[in-house]
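Visitor: Please find one structure pasted underneath; my questions will follow.
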Amino acid sequence: MRPLIGISTYNDLAQWRDWSAPAALIPFTYVNAVRRSGGRPVLLPPGGDPAEAAATVADLDGLIVSGGGDVDPARYGAAAHPETGAPNRERDGWELALLDAALASGTALLAVCRGIQLLNVVRGGTLHQHLPQVVGNEEHAGPPCGFGRHLVRVGTGGTLGRILGGPDGETWLDAPTHHHQGVDRIGDGLVATAWAADGTVEGLEVVGSPVFAVGVQWHPEEGDDPRLFEALVTAASAEADEVREARGAGVAADSSRDGSGELGVAVSLSAVYSWSITQPQPPLPAAGRQPRRAGRIVVRHHRRGVPPGPDRQRLRGDGRAAAGRHPARRARRRRPAAARA
């Protein structure tokens with residue numbers, strides 16, 4: 001089974017024909033990148049609490065925290081800069097909870113653009129809220145409605161160096177970019193392993209992580225280099241194999257205790273979709289008169305807002321009107337001729 005990769009999404013208005021409605025959105029380039037690398041993508045819309053985030057990550061083999069709008073500066077103890085966009089607190093809270101759960105559980109992780117900033121914040125780091133005032137150029141922003149390109153230097157050490165580095169030491173990548181914020185003070189347990197030419201941090205890694213746990217400031221899903229997604233899916237696949245082996249051992253132990261192993265049946269681990277193999281048969285019905293289970297059933301019903309009385313309608317058990325005329329209509333036909341005049 002291919003590993004299951006969760007992708008966090010936007011929550012924003014979307015338009016269908018002549019109307020708009022709240023929606024969970026993500027550029028399809030993320031979905032394509034996961035599928036082409038051998039993973040099964042699943043979207044993770046904002047709105048859940050930390051308990052839901054932890055339960056969700058427990059069902060995943062890998063996690064992508066996607067790009068998006070500016071992180072609320074209150075999350076890292078700063079006042080908002082004039083150029084900082086309006087916060088999306090619901091999405092901030094959800095993705096921070098996903099990151100926290102992934103780091104705690106050792107789930108394979110790729111944080112993209114906004115994602116690397118949240119990774120830094122969840123570890124106690126801070127952000128530059130408007131890079132042009134820090135580095136003196138607009139190189140990171142790209143065009144207003146698309147992605148620009150700039151060079152990224154990948155160091156020789158760490159996970160990024162092993163995946164993206166060349167045989168001759170440091171590597172320079174031509175990376176797709178669109179952002180105006182960036183990592184400032186690096187959070188606890190993180191290390192920078194990639195930089196732009198102006199010194200902006202472009203890559204962070206979790207120090208000593210036994211699994212793939214990387215954040216990048218650029219947008220690999222918008223480029224033609226699949227190596228980061230392939231590395232994520234490979235790490236997630238290894239994690240999935242370990243989980244399946246552990247679950248298989250647990251099922252074998254359970255089946256040996258209740259005897260179900262002798263049946264040669266695979267027992268589901270989910271109590272929601274399965275029941276015990278040794279579940280007893282349902283009890284026999286009690287002796288005596290039994291309720292009718294078939295045939296025509298007539299029930300009384302009245303439409304909402306219409307009081308009971310002569311206008312009450314008789315229905316069959318399937319919800320359709322019972323045979324015969326409506327009682328109120330019959331009553332009108334029985335009125336004397338003088339009343340009808």
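Convention: chains lettered A, B, ... in structure tokens order; per-chain residue numbering from 1; ligands numbered from 1 as shown.
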Fewer than 4 positions away in the same chain doesn't count, so skip those; otherwise give me all residues within 9 Å of Pro22 of chain A, counting only C-alpha atoms, as a count of residues only.
Guide: 5
Visitor: Residues within 7 Å of segment 51-60 of chain A, please, as a ChimeraX atom specification. Count only C-alpha atoms; anything in the same chain fewer than 6 positions from it doesn't count.
Guide: /A:4-6,97-98,101-102
Visitor: Any idea what's packed within 7 Å of segment 82-91 of chain A, counting only C-alpha atoms, ignoring anything in its chain fewer than 4 positions away? Could you give it as a count of residues only?
Guide: 8
Visitor: Which residues are near Asp100 of chain A? Cut-off 8 Å, only C-alpha atoms, ignore same chain within fewer than 4 positions. Put them as a list in words.
Guide: Leu96, Ala104 and Val122 of chain A
Visitor: So what do you get for atom CA of His180 of chain A versus atom CA of Gly69 of chain A, distance-wise?
Guide: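 These atoms are spaced 9.9 Å apart.
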Visitor: Quick one: everything within 9 Å of Arg114 of chain A, counting only C-alpha atoms, minus sequence neighbours fewer than 6 positions away in the same chain. Send it as a PyMOL selection string.
Guide: chain A and resi 65-71+179+181-182+217
Visitor: Just to confirm, what's the straight-line distance from atom CA of Gly161 of chain A to atom CA of His128 of chain A in Å (one decimal)?
Guide: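 Here the two named atoms are 24.9 Å from each other.
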Visitor: Please identify which residues in segment 55-154 of chain A DSSP calls strand (DSSP E) from the backbone, and express them as a ChimeraX atom specification.
Guide: /A:62-65,108-112,127-128,148-154
Visitor: I want to know what sits within 8 Å of Leu119 of chain A, based on only C-alpha atoms, with residues of the same chain fewer than 5 positions away left out; could you give that as a CSV table (one decimal) with C-alpha atoms, in the first residue's frame?
Guide:
chain,number,residue,atom,x,y,z
A,96,LEU,CA,0.7,24.5,14.4
A,99,LEU,CA,3.3,20.3,13.2
A,111,ALA,CA,7.0,22.2,5.4
A,215,GLY,CA,11.2,22.9,5.8
Visitor: I need the alpha helix (DSSP H) residues of segment 59-288 of chain A per DSSP on the backbone, written as a PyMOL selection string.
Guide: chain A and resi 89-105+114-122+132-135+158-164+227-258
Visitor: Hey, which of A:Tyr76, A:Phe212, A:Trp218, A:Trp195 ends up closest to His178 of chain A? Count only C-alpha atoms.
Guide: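 Closest residue, counting only C-alpha atoms: A:Trp218.
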Visitor: For atom CA of Ala79 of chain A and atom CA of Tyr10 of chain A, determine how far apart the two atoms are, in Å to one decimal place.
Guide: 23.6 Å
Visitor: Point out the residue among A:Ser237, A:Thr171, A:Ser209, A:Gln117 with the least atom-to-atom distance to Asp184 of chain A, counting only C-alpha atoms.
Guide: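 Of the candidates, the smallest distance to Asp184 of chain A is held by A:Gln117.
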